[in-house]
Every structure is written in C-alpha cells, then in structure tokens.
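Participant: Handing over work.pdb, PDB, C-alpha atoms.
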ATOM      1  CA  MET A   1     -17.340  21.330  47.522
ATOM      2  CA  ALA A   2     -13.627  20.813  46.971
ATOM      3  CA  SER A   3     -12.968  18.050  44.444
ATOM      4  CA  VAL A   4     -11.039  14.977  45.520
ATOM      5  CA  LEU A   5      -8.345  15.877  43.018
ATOM      6  CA  PRO A   6      -8.153  19.435  41.696
ATOM      7  CA  GLY A   7      -9.078  19.750  38.036
ATOM      8  CA  TYR A   8      -7.713  22.104  35.401
ATOM      9  CA  VAL A   9      -8.801  23.900  32.264
ATOM     10  CA  TRP A  10      -6.511  24.551  29.305
ATOM     11  CA  LEU A  11      -7.349  27.896  27.746
ATOM     12  CA  LYS A  12      -6.305  27.638  24.122
ATOM     13  CA  ASP A  13      -6.349  31.381  23.486
ATOM     14  CA  PHE A  14      -3.952  32.003  26.355
ATOM     15  CA  ASN A  15      -1.855  28.829  26.148
ATOM     16  CA  ARG A  16      -2.285  28.480  29.875
ATOM     17  CA  PHE A  17      -3.768  26.179  32.461
ATOM     18  CA  ARG A  18      -6.327  27.427  34.963
ATOM     19  CA  ASP A  19      -6.857  25.767  38.322
ATOM     20  CA  MET A  20     -10.594  25.009  38.609
ATOM     21  CA  GLU A  21     -10.416  25.003  42.396
ATOM     22  CA  THR A  22      -8.951  28.492  42.760
ATOM     23  CA  GLY A  23     -10.022  29.956  39.416
ATOM     24  CA  ARG A  24      -6.473  31.229  38.940
ATOM     25  CA  PHE A  25      -4.106  30.765  36.052
ATOM     26  CA  VAL A  26      -1.253  28.382  36.700
ATOM     27  CA  SER A  27       1.812  30.612  36.547
ATOM     28  CA  ARG A  28       4.658  30.164  34.119
ATOM     29  CA  GLN A  29       6.890  29.810  37.171
ATOM     30  CA  THR A  30       4.819  26.860  38.403
ATOM     31  CA  ILE A  31       5.048  25.154  35.013
ATOM     32  CA  ASN A  32       8.794  25.751  34.945
ATOM     33  CA  ASP A  33       9.089  24.308  38.454
ATOM     34  CA  ILE A  34       7.208  21.220  37.282
ATOM     35  CA  THR A  35       9.487  20.770  34.261
ATOM     36  CA  ARG A  36      12.514  21.130  36.522
ATOM     37  CA  SER A  37      11.169  18.561  38.953
ATOM     38  CA  GLN A  38      10.390  16.304  35.999
ATOM     39  CA  THR A  39      14.035  16.563  34.977
ATOM     40  CA  SER A  40      15.450  16.033  38.463
ATOM     41  CA  GLU A  41      13.143  13.068  39.125
ATOM     42  CA  ALA A  42      14.142  11.546  35.787
ATOM     43  CA  GLU A  43      17.812  12.115  36.589
ATOM     44  CA  ALA A  44      17.375  10.312  39.914
ATOM     45  CA  ARG A  45      15.727   7.316  38.231
ATOM     46  CA  TYR A  46      18.304   7.245  35.445
ATOM     47  CA  HIS A  47      21.142   7.457  37.989
ATOM     48  CA  GLU A  48      19.766   4.385  39.756
ATOM     49  CA  LEU A  49      19.605   2.465  36.487
ATOM     50  CA  HIS A  50      23.059   3.558  35.300
ATOM     51  CA  THR A  51      24.634   2.800  38.679
ATOM     52  CA  ALA A  52      22.981  -0.621  38.870
ATOM     53  CA  LEU A  53      24.188  -1.410  35.343
ATOM     54  CA  HIS A  54      27.711  -0.250  36.143
ATOM     55  CA  GLU A  55      27.817  -2.361  39.298
ATOM     56  CA  GLY A  56      26.440  -5.430  37.520
ATOM     57  CA  ARG A  57      23.248  -5.534  39.579
ATOM     58  CA  ILE A  58      20.949  -5.462  36.529
ATOM     59  CA  SER A  59      21.465  -6.765  33.008
ATOM     60  CA  ALA A  60      22.170  -4.593  29.997
ATOM     61  CA  ALA A  61      18.886  -5.693  28.434
ATOM     62  CA  SER A  62      16.864  -4.631  31.476
ATOM     63  CA  PHE A  63      18.765  -1.345  31.573
ATOM     64  CA  VAL A  64      18.028  -0.567  27.937
ATOM     65  CA  GLU A  65      14.345  -1.480  28.244
ATOM     66  CA  ARG A  66      13.847   0.502  31.459
ATOM     67  CA  MET A  67      15.578   3.548  29.965
ATOM     68  CA  ARG A  68      13.370   3.270  26.889
ATOM     69  CA  GLU A  69      10.187   3.254  28.961
ATOM     70  CA  GLU A  70      11.216   5.982  31.351
ATOM     71  CA  SER A  71      12.495   8.243  28.594
ATOM     72  CA  ARG A  72       9.340   7.811  26.500
ATOM     73  CA  ARG A  73       7.153   8.640  29.489
ATOM     74  CA  ASN A  74       9.211  11.654  30.447
ATOM     75  CA  MET A  75       9.226  13.034  26.916
ATOM     76  CA  LEU A  76       5.482  12.623  26.342
ATOM     77  CA  GLN A  77       4.695  14.131  29.738
ATOM     78  CA  ASN A  78       6.861  17.161  29.021
ATOM     79  CA  ILE A  79       5.295  17.694  25.621
ATOM     80  CA  ALA A  80       1.822  17.379  27.176
ATOM     81  CA  LEU A  81       2.850  19.976  29.726
ATOM     82  CA  ALA A  82       3.707  22.381  26.922
ATOM     83  CA  LYS A  83       0.698  21.568  24.763
ATOM     84  CA  GLY A  84      -2.044  21.688  27.412
ATOM     85  CA  GLY A  85      -2.554  18.019  28.153
ATOM     86  CA  PHE A  86      -2.126  14.584  26.667
ATOM     87  CA  ASP A  87      -5.209  14.871  24.473
ATOM     88  CA  ARG A  88      -3.684  17.820  22.608
ATOM     89  CA  LEU A  89      -0.648  15.921  21.330
ATOM     90  CA  ASP A  90      -0.798  15.723  17.544
ATOM     91  CA  PHE A  91       1.004  13.951  14.711
ATOM     92  CA  SER A  92       3.852  16.446  14.663
ATOM     93  CA  ASP A  93       4.417  15.948  18.403
ATOM     94  CA  PHE A  94       4.498  12.174  18.029
ATOM     95  CA  GLY A  95       6.771  12.450  15.027
ATOM     96  CA  ARG A  96       9.229  14.740  16.780
ATOM     97  CA  ALA A  97       9.197  12.712  20.000
ATOM     98  CA  GLY A  98       9.571   9.489  18.029
ATOM     99  CA  GLN A  99      12.657  10.799  16.261
ATOM    100  CA  ALA A 100      14.219  11.996  19.522
ATOM    101  CA  LEU A 101      13.462   8.651  21.169
ATOM    102  CA  ARG A 102      14.930   6.618  18.325
ATOM    103  CA  ASN A 103      18.121   8.648  18.659
ATOM    104  CA  GLN A 104      18.168   7.881  22.361
ATOM    105  CA  TYR A 105      17.590   4.150  21.843
ATOM    106  CA  ALA A 106      20.864   3.960  19.964
ATOM    107  CA  GLN A 107      22.536   5.860  22.800
ATOM    108  CA  PHE A 108      21.120   3.522  25.467
ATOM    109  CA  ALA A 109      22.393   0.496  23.563
ATOM    110  CA  GLY A 110      25.757   2.230  23.086
ATOM    111  CA  THR A 111      26.002   3.016  26.771
ATOM    112  CA  ALA A 112      25.245  -0.609  27.685
ATOM    113  CA  GLN A 113      27.964  -1.737  25.280
ATOM    114  CA  ASP A 114      30.444   0.798  26.719
ATOM    115  CA  VAL A 115      29.794  -0.563  30.211
ATOM    116  CA  ALA A 116      30.205  -4.133  28.995
ATOM    117  CA  ASP A 117      33.518  -3.140  27.400
ATOM    118  CA  GLY A 118      34.672  -1.278  30.523
ATOM    119  CA  LYS A 119      35.063   1.923  28.543
ATOM    120  CA  VAL A 120      33.135   4.295  30.787
ATOM    121  CA  SER A 121      33.415   5.355  34.432
ATOM    122  CA  LEU A 122      30.457   5.826  36.758
ATOM    123  CA  PRO A 123      30.779   9.655  36.776
ATOM    124  CA  GLN A 124      30.749   9.610  32.981
ATOM    125  CA  LEU A 125      27.681   7.388  33.050
ATOM    126  CA  LEU A 126      25.833   9.707  35.414
ATOM    127  CA  GLN A 127      26.653  12.633  33.144
ATOM    128  CA  ARG A 128      25.093  10.724  30.264
ATOM    129  CA  ALA A 129      22.041  10.004  32.424
ATOM    130  CA  ASN A 130      21.583  13.726  33.031
ATOM    131  CA  GLY A 131      21.794  14.329  29.311
ATOM    132  CA  TYR A 132      19.046  11.804  28.614
ATOM    133  CA  ALA A 133      16.796  13.574  31.113
ATOM    134  CA  GLY A 134      17.665  16.920  29.558
ATOM    135  CA  GLU A 135      16.471  15.784  26.137
ATOM    136  CA  ALA A 136      12.904  15.548  27.444
ATOM    137  CA  ARG A 137      13.167  19.081  28.814
ATOM    138  CA  ARG A 138      14.376  20.241  25.414
ATOM    139  CA  GLN A 139      11.301  18.651  23.827
ATOM    140  CA  TYR A 140       9.159  20.692  26.217
ATOM    141  CA  TYR A 141      10.651  23.910  24.894
ATOM    142  CA  ILE A 142      10.226  22.889  21.267
ATOM    143  CA  ALA A 143       6.546  22.011  21.782
ATOM    144  CA  ASP A 144       5.998  25.140  23.850
ATOM    145  CA  ARG A 145       7.218  27.427  21.093
ATOM    146  CA  ASP A 146       5.576  25.577  18.247
ATOM    147  CA  GLN A 147       2.092  26.090  19.595
ATOM    148  CA  ARG A 148       2.374  29.823  20.297
ATOM    149  CA  GLN A 149       0.484  31.811  17.707
ATOM    150  CA  PRO A 150      -0.373  35.538  17.730
ATOM    151  CA  SER A 151      -4.032  36.337  18.413
ATOM    152  CA  ASP A 152      -4.316  38.225  15.094
ATOM    153  CA  ALA A 153      -2.259  39.550  12.234
ATOM    154  CA  ASP A 154      -1.607  42.829  14.052
ATOM    155  CA  HIS A 155       0.327  41.084  16.802
ATOM    156  CA  VAL A 156       3.521  39.114  16.928
ATOM    157  CA  ILE A 157       5.066  36.716  19.460
ATOM    158  CA  ILE A 158       8.480  37.617  20.768
ATOM    159  CA  GLY A 159      10.706  35.666  23.106
ATOM    160  CA  ARG A 160      13.877  36.041  25.064
ATOM    161  CA  ARG A 161      16.248  33.720  26.827
ATOM    162  CA  THR A 162      16.716  33.919  30.582
ATOM    163  CA  LEU A 163      19.568  32.344  32.487
ATOM    164  CA  GLY A 164      18.849  29.457  34.830
ATOM    165  CA  ASP A 165      20.382  28.785  38.209
ATOM    166  CA  ALA A 166      23.554  27.164  36.919
ATOM    167  CA  GLN A 167      26.929  27.866  35.393
ATOM    168  CA  HIS A 168      26.415  29.083  31.848
ATOM    169  CA  CYS A 169      28.222  28.336  28.644
ATOM    170  CA  ALA A 170      29.372  31.209  26.441
ATOM    171  CA  GLU A 171      26.604  30.567  23.922
ATOM    172  CA  CYS A 172      23.812  30.843  26.498
ATOM    173  CA  LEU A 173      25.230  34.144  27.738
ATOM    174  CA  GLN A 174      25.236  35.345  24.126
ATOM    175  CA  TYR A 175      21.587  34.279  23.603
ATOM    176  CA  TYR A 176      20.613  36.057  26.807
ATOM    177  CA  GLN A 177      22.335  39.226  25.637
ATOM    178  CA  GLN A 178      20.229  39.272  22.469
ATOM    179  CA  GLY A 179      17.182  40.230  24.563
ATOM    180  CA  TRP A 180      13.761  40.022  22.892
ATOM    181  CA  VAL A 181      13.757  38.529  19.399
ATOM    182  CA  LEU A 182      11.007  37.091  17.220
ATOM    183  CA  ALA A 183       9.808  33.842  18.833
ATOM    184  CA  SER A 184      10.817  31.905  15.749
ATOM    185  CA  GLU A 185      14.380  33.180  16.220
ATOM    186  CA  VAL A 186      14.801  32.240  19.885
ATOM    187  CA  VAL A 187      17.480  29.620  20.290
ATOM    188  CA  LEU A 188      15.791  27.200  22.661
ATOM    189  CA  PRO A 189      17.515  25.912  25.805
ATOM    190  CA  GLY A 190      19.602  22.859  25.085
ATOM    191  CA  ILE A 191      20.019  23.645  21.391
ATOM    192  CA  LEU A 192      23.182  25.080  19.819
ATOM    193  CA  CYS A 193      24.958  25.480  23.128
ATOM    194  CA  SER A 194      27.756  23.701  24.929
ATOM    195  CA  CYS A 195      25.392  22.803  27.784
ATOM    196  CA  ASP A 196      23.419  20.712  25.279
ATOM    197  CA  THR A 197      20.765  18.695  27.129
ATOM    198  CA  HIS A 198      22.148  19.863  30.490
ATOM    199  CA  CYS A 199      21.052  23.464  29.814
ATOM    200  CA  LYS A 200      19.081  25.024  32.690
ATOM    201  CA  CYS A 201      18.026  28.233  30.927
ATOM    202  CA  ASP A 202      14.443  29.278  30.180
ATOM    203  CA  VAL A 203      12.495  31.323  27.614
ATOM    204  CA  LEU A 204       9.944  34.075  28.181
ATOM    205  CA  TYR A 205       7.326  34.869  25.529
ATOM    206  CA  ARG A 206       4.962  37.736  25.052
ATOM    207  CA  GLU A 207       2.608  38.997  22.417
ATOM    208  CA  VAL A 208       3.127  42.588  21.322
ATOM    209  CA  PRO A 209       1.493  44.802  18.701
ATOM    210  CA  ARG A 210       3.363  44.571  15.427
ATOM    211  CA  SER A 211       3.602  48.373  15.453
ATOM    212  CA  GLU A 212       5.639  48.213  18.696
ATOM    213  CA  LEU A 213       7.940  45.409  17.636
ATOM    214  CA  GLN A 214      10.993  47.593  17.073
ATOM    215  CA  GLN A 215      10.676  49.026  20.576
ATOM    216  CA  TRP A 216      11.044  45.545  22.018
ATOM    217  CA  LEU A 217      13.676  43.899  19.866
ATOM    218  CA  GLY A 218      17.083  43.736  21.525
ATOM    219  CA  THR A 219      15.830  44.937  24.916
ATOM    220  CA  LYS A 220      15.380  42.883  28.088
ATOM    221  CA  ARG A 221      12.467  44.813  29.636
TER     222      ARG A 221
ATOM    223  CA  MET B   1      20.896 -21.189  31.814
ATOM    224  CA  ASP B   2      17.794 -21.338  34.004
ATOM    225  CA  LEU B   3      15.746 -18.471  32.555
ATOM    226  CA  ALA B   4      13.040 -18.687  35.205
ATOM    227  CA  LYS B   5      15.629 -18.321  37.960
ATOM    228  CA  TRP B   6      17.298 -15.426  36.135
ATOM    229  CA  ALA B   7      13.914 -13.722  35.707
ATOM    230  CA  GLU B   8      13.163 -13.921  39.431
ATOM    231  CA  GLN B   9      16.581 -12.539  40.369
ATOM    232  CA  GLU B  10      16.324  -9.765  37.789
ATOM    233  CA  ILE B  11      12.863  -8.684  38.953
ATOM    234  CA  ALA B  12      14.144  -8.568  42.523
ATOM    235  CA  ALA B  13      17.156  -6.491  41.437
ATOM    236  CA  LEU B  14      14.937  -4.014  39.568
ATOM    237  CA  ILE B  15      12.558  -3.653  42.500
ATOM    238  CA  ALA B  16      15.535  -3.135  44.811
ATOM    239  CA  ILE B  17      16.542  -0.013  42.853
ATOM    240  CA  GLY B  18      13.064   1.468  43.079
ATOM    241  CA  THR B  19      11.374   0.091  39.977
ATOM    242  CA  ASN B  20       7.638  -0.415  40.274
ATOM    243  CA  PRO B  21       6.994  -4.209  40.495
ATOM    244  CA  ILE B  22       4.702  -4.070  37.459
ATOM    245  CA  ASP B  23       7.412  -2.311  35.440
ATOM    246  CA  ALA B  24      10.008  -4.792  36.704
ATOM    247  CA  GLN B  25       7.875  -7.741  35.593
ATOM    248  CA  HIS B  26       7.141  -6.078  32.250
ATOM    249  CA  THR B  27      10.845  -5.406  31.676
ATOM    250  CA  VAL B  28      11.889  -8.977  32.302
ATOM    251  CA  ASP B  29       9.003 -10.280  30.186
ATOM    252  CA  TRP B  30      10.194  -8.011  27.372
ATOM    253  CA  VAL B  31      13.773  -9.282  27.666
ATOM    254  CA  LEU B  32      12.688 -12.919  27.575
ATOM    255  CA  ALA B  33      10.302 -12.325  24.668
ATOM    256  CA  ASN B  34      12.994 -10.637  22.569
ATOM    257  CA  LEU B  35      16.082 -12.588  23.614
ATOM    258  CA  PRO B  36      17.646 -14.115  20.494
ATOM    259  CA  PRO B  37      17.745 -17.925  20.490
ATOM    260  CA  GLY B  38      20.699 -19.189  22.486
ATOM    261  CA  ALA B  39      21.594 -15.742  23.859
ATOM    262  CA  ASP B  40      22.329 -15.159  27.539
ATOM    263  CA  PRO B  41      19.970 -12.604  29.182
ATOM    264  CA  ARG B  42      22.815 -11.588  31.493
ATOM    265  CA  THR B  43      24.934 -10.325  28.605
ATOM    266  CA  TRP B  44      22.581  -9.688  25.666
ATOM    267  CA  ILE B  45      22.433  -6.034  24.599
ATOM    268  CA  PRO B  46      19.326  -5.086  22.590
ATOM    269  CA  THR B  47      19.912  -2.846  19.597
ATOM    270  CA  ALA B  48      18.055   0.364  18.769
ATOM    271  CA  ALA B  49      16.259  -1.663  16.095
ATOM    272  CA  ASP B  50      15.085  -4.164  18.726
ATOM    273  CA  LEU B  51      13.609  -1.284  20.699
ATOM    274  CA  ALA B  52      12.027   0.450  17.710
ATOM    275  CA  ARG B  53      10.500  -2.816  16.507
ATOM    276  CA  THR B  54       8.705  -3.330  19.808
ATOM    277  CA  GLU B  55       7.684   0.291  20.398
ATOM    278  CA  LEU B  56       4.188   1.005  21.735
ATOM    279  CA  SER B  57       1.589   2.617  19.502
ATOM    280  CA  ASP B  58       1.126   6.356  20.076
ATOM    281  CA  LYS B  59      -2.172   5.665  21.812
ATOM    282  CA  ASP B  60      -0.691   3.098  24.189
ATOM    283  CA  ALA B  61       2.364   5.270  24.842
ATOM    284  CA  VAL B  62       0.120   8.174  25.870
ATOM    285  CA  ARG B  63      -1.997   5.913  28.067
ATOM    286  CA  ASP B  64       1.174   4.672  29.795
ATOM    287  CA  ALA B  65       2.639   8.182  30.237
ATOM    288  CA  LYS B  66      -0.689   9.450  31.596
ATOM    289  CA  GLN B  67      -1.002   6.577  34.070
ATOM    290  CA  VAL B  68       2.542   7.070  35.348
ATOM    291  CA  TRP B  69       1.965  10.827  35.717
ATOM    292  CA  MET B  70      -1.098  10.122  37.861
ATOM    293  CA  GLU B  71       0.803   7.590  39.980
ATOM    294  CA  ARG B  72       3.917   9.637  40.620
ATOM    295  CA  LYS B  73       2.830  13.250  40.856
ATOM    296  CA  PRO B  74       1.618  15.070  43.958
ATOM    297  CA  ARG B  75      -2.147  15.275  44.470
ATOM    298  CA  LYS B  76      -2.237  18.932  43.432
ATOM    299  CA  ILE B  77      -1.133  18.275  39.855
ATOM    300  CA  LYS B  78      -2.305  14.741  39.173
ATOM    301  CA  ARG B  79      -5.028  16.001  36.830
ATOM    302  CA  LEU B  80      -3.010  18.841  35.291
ATOM    303  CA  LEU B  81      -2.370  16.986  32.034
ATOM    304  CA  THR B  82      -5.968  15.811  31.574
ATOM    305  CA  PRO B  83      -7.646  19.232  31.555
ATOM    306  CA  THR B  84     -10.908  20.401  30.067
ATOM    307  CA  VAL B  85     -10.035  22.395  26.943
ATOM    308  CA  LYS B  86     -11.743  25.747  26.271
TER     309      LYS B  86
END
Mind converting the file's structure to structure tokens?
Facilitator:
Amino acid sequence: MASVLPGYVWLKDFNRFRDMETGRFVSRQTINDITRSQTSEAEARYHELHTALHEGRISAASFVERMREESRRNMLQNIALAKGGFDRLDFSDFGRAGQALRNQYAQFAGTAQDVADGKVSLPQLLQRANGYAGEARRQYYIADRDQRQPSDADHVIIGRRTLGDAQHCAECLQYYQQGWVLASEVVLPGILCSCDTHCKCDVLYREVPRSELQQWLGTKR
Amino acid sequence: MDLAKWAEQEIAALIAIGTNPIDAQHTVDWVLANLPPGADPRTWIPTAADLARTELSDKDAVRDAKQVWMERKPRKIKRLLTPTVK
C-alpha cells in the first residue's frame, strides 16, 4: 500500500537518502535541485520583504524579525538536507549556523537602517536579498563536506568543483580547473570567490582507494 | 500612537506580501514585546543584539524549521528531512 506521504531512510554509510516507496537512492542531482529550489524560494520571499520595506509597506522592525525567522529556517533546513535529516544536526551544526545567523542579524539591521537613511536602491536591496539566501546554500556545502568520512583507512574522499548554470567569476573557473583534490582541500561554493553567496557552482565527491589517489588528483574524470 | 491599530495594519501588510497569518501575528507580537519604551514601531530598528537576545532554543528552532518544511514543500519530499536512520 502506498503511504500517504512517501517516507525516506538515511543510510549513514552512504551519506544518502533512500526513497522507501521506490527503494531507490535519492540522486545527488535531486538533492542539488532541492537546494536550488530552497535558494530560489528564499530569494522570492526575501525580495517581497525587501521590496515592502523599501516601499514603506512594512516597518523596519517587522522586516528584521521576518528576515531572522526565514533565514534561520532556511539555514537549518539546508543543513538537515546535507546531514540526513533534522535529528542528525549536532552541536557543531548549531554552533556554525548560530554564528552565520548572528552575522546576518547585523546585516538585516544594517539594511533596515540603510533604507531608513535612503542610502540604498531597490536593485541593491534585491542583490543583498539574494546574498542572504545564498548564505544558507553555503551552509549546506559546509555541512555536506564535514560529514563525509572514508569507509576505512585504505580509502580517501576526494572532491572537485563543477560549474553551475551561471556566469562564473575567475576564482570559480580556477577551482574548477584544479579537478579532483582531497575533499578537505575543495574550496566550497560561495567561499573565497567573487560570487560570494551568489555562487551557483557545485561539488562532486567520491571515495577512492588511497593507492589510486595520484591517478585522480588534478583530473576531471 | 495607537499600538493596537498599528498592529492590525502591520499584520494586514505582512499577509498582503504572502506572509503566513500565524507568522504575521508572531512578528507583530515580537515587535510589540521588544519595542523600547516610548519608541515608535513604525521607525524602530531592532539591533543584532535584540535579535540574538530573543533567539529560539536549538530545539525550538528545529521544530519550527521542520514544521515550515512540511507546510511548504511538495508532497513528495515533505518527509525527506525526518527519515529513518540506518
């Protein structure tokens, strides 16, 4: 009997979800599509809030509080997506998310002040809104990498950057050109690049035998 | 300043831009609860410290994020982030 709502299993050894209805793994592409839709949905909500603030339809206090709630939700959901569900979030996840959120709170207050002072145009505001949404996507990538561990000492996790469907900054092109590197050395999307939180790139990971590591490093196969 | 009148107008404005009515009510309640004495809710700008001071506990933040995920996501993935772990 098909369940009312499809359930999932998180397989710790594989770092992957499995759909209980179909028995199939949820593909990396599907997870990436969900993170992208998370970002675009957040951008749409943030645009509404920023536009309403700019046009004087909502107060600065309501704007700041709504941005706080939406950003916190988005960030925790993205981390849960990387970690295999909400119940798998741990102290380090909360600590990292908390730090990122506190940084954003200052930015939300600053944005409200800039609007009050007439210092920022609507296009500039919408660009900031996209950046706030991008921060949650960046947190997904950090959590995703942090939990990947090799199955034994004879294996190692490698990763490589791929380019998203967007214009790319020079740094992202450089990271892509590096090909496979140790996972710990992958520069994650949205970090150390001019795109910052607007970065649309992705990361692939794979586990390879330590004995084959040199055959992988620097390639893009 | 008639705070009750402001609250009604603000809730209506938030709902008009797509905010869930419960979130709209919660937002305005938060503003009124944290508004400094004598300040105008139309112009008061909370600081990062105001936000940090009133932050949810980790447990409540997860409960809220989980509930919103279930409300907003398509049927197919509503239960994705509450999986059985093996």
Participant: Choose the residue, out of A:Arg73, A:Arg148, A:Arg88, A:Arg57, that has the smallest atom-to-atom separation from Val85 in chain B; count all atoms listed in the file.
Facilitator: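 Smallest separation from Val85 in chain B among the options: A:Arg88.
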Participant: Quick one: which chain A residues come within 6 Å of chain B, and what is the nearest atom pair for each with the distance in Å to one decimal, counting only C-alpha atoms, rows ordered by chain and ascending number, as a tab-separated table?
Facilitator:
residue	atom	partner	partner_atom	distance
A:Gly7	CA	B:Arg79	CA	5.6
A:Tyr8	CA	B:Pro83	CA	4.8
A:Val9	CA	B:Thr84	CA	4.6
A:Trp10	CA	B:Val85	CA	4.8
A:Leu11	CA	B:Lys86	CA	5.1
A:Ser59	CA	B:Arg42	CA	5.2
A:Ala60	CA	B:Ile45	CA	5.6
A:Ala61	CA	B:Ile45	CA	5.2
A:Arg73	CA	B:Ala65	CA	4.6
A:Gly85	CA	B:Leu81	CA	4.0
A:Phe86	CA	B:Leu81	CA	5.9
A:Tyr105	CA	B:Ala48	CA	4.9
A:Ala106	CA	B:Ala48	CA	4.7
A:Ala109	CA	B:Thr47	CA	5.7
Participant: Work out how far CA of Thr39 in chain A is from CA of Ala133 in chain A, in Å to one decimal.
Facilitator: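 Computing it gives 5.6 Å between the two atoms.
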Participant: With a distance cut-off of 12 Å and all atoms listed in the file, select the neighbouring residues of range 164-168 of chain A, excluding the residue or stretch itself and same-chain residues fewer than 3 positions from it, and output the selection as JSON, numbers by chain.
Facilitator: {"A": [32, 33, 36, 161, 171, 172, 173, 174, 175, 176, 189, 190, 193, 194, 195, 196, 198, 199, 200, 201, 202, 203]}
Participant: Hey, what's within 12 Å of range 209-214 of chain A if we count only C-alpha atoms and toss same-chain stuff fewer than 4 positions away? As a ChimeraX atom specification, please?
Facilitator: /A:150-159,180-183,218-219
Participant: For the atom pair CA of Lys220 in chain A and CA of Leu163 in chain A, what is the interatomic distance in Å to one decimal place?
Facilitator: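 CA of Leu163 in chain A lies at a distance of 12.2 Å from CA of Lys220 in chain A.
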Participant: Could you check the closest approach to Glu71 in chain B for each of B:Ser57, B:Asn20, B:Glu8, B:Ile15 and tell me which residue wins, using all atoms listed in the file?
Facilitator: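 Closest to Glu71 in chain B, using all atoms listed in the file: B:Asn20.
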Participant: Find the distance between CA of Ala129 in chain A and CA of Leu76 in chain A and write it in Å to one decimal.
Facilitator: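 Taking CA of Ala129 in chain A as the start and CA of Leu76 in chain A as the end point, the length is 17.8 Å.
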Participant: Please work out which residues fall within 9 Å of (20.6, 10.8, 26.9), coordinates as given in the file, with only C-alpha atoms counting, and return them as a list in words.
Facilitator: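 I get Ser71, Asn103, Gln104, Tyr105, Gln107, Phe108, Gln127, Arg128, Ala129, Asn130, Gly131, Tyr132, Ala133, Gly134, Glu135 and Thr197 of chain A for the residues within 9 Å of that point.
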Participant: Counting all atoms listed in the file, which of A:Lys119, A:Arg28, A:Arg206, A:Arg72 gets nearest to Gln99 in chain A?
Facilitator: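 Going through A:Lys119, A:Arg28, A:Arg206, A:Arg72 one by one, the smallest distance to Gln99 in chain A is for A:Arg72.
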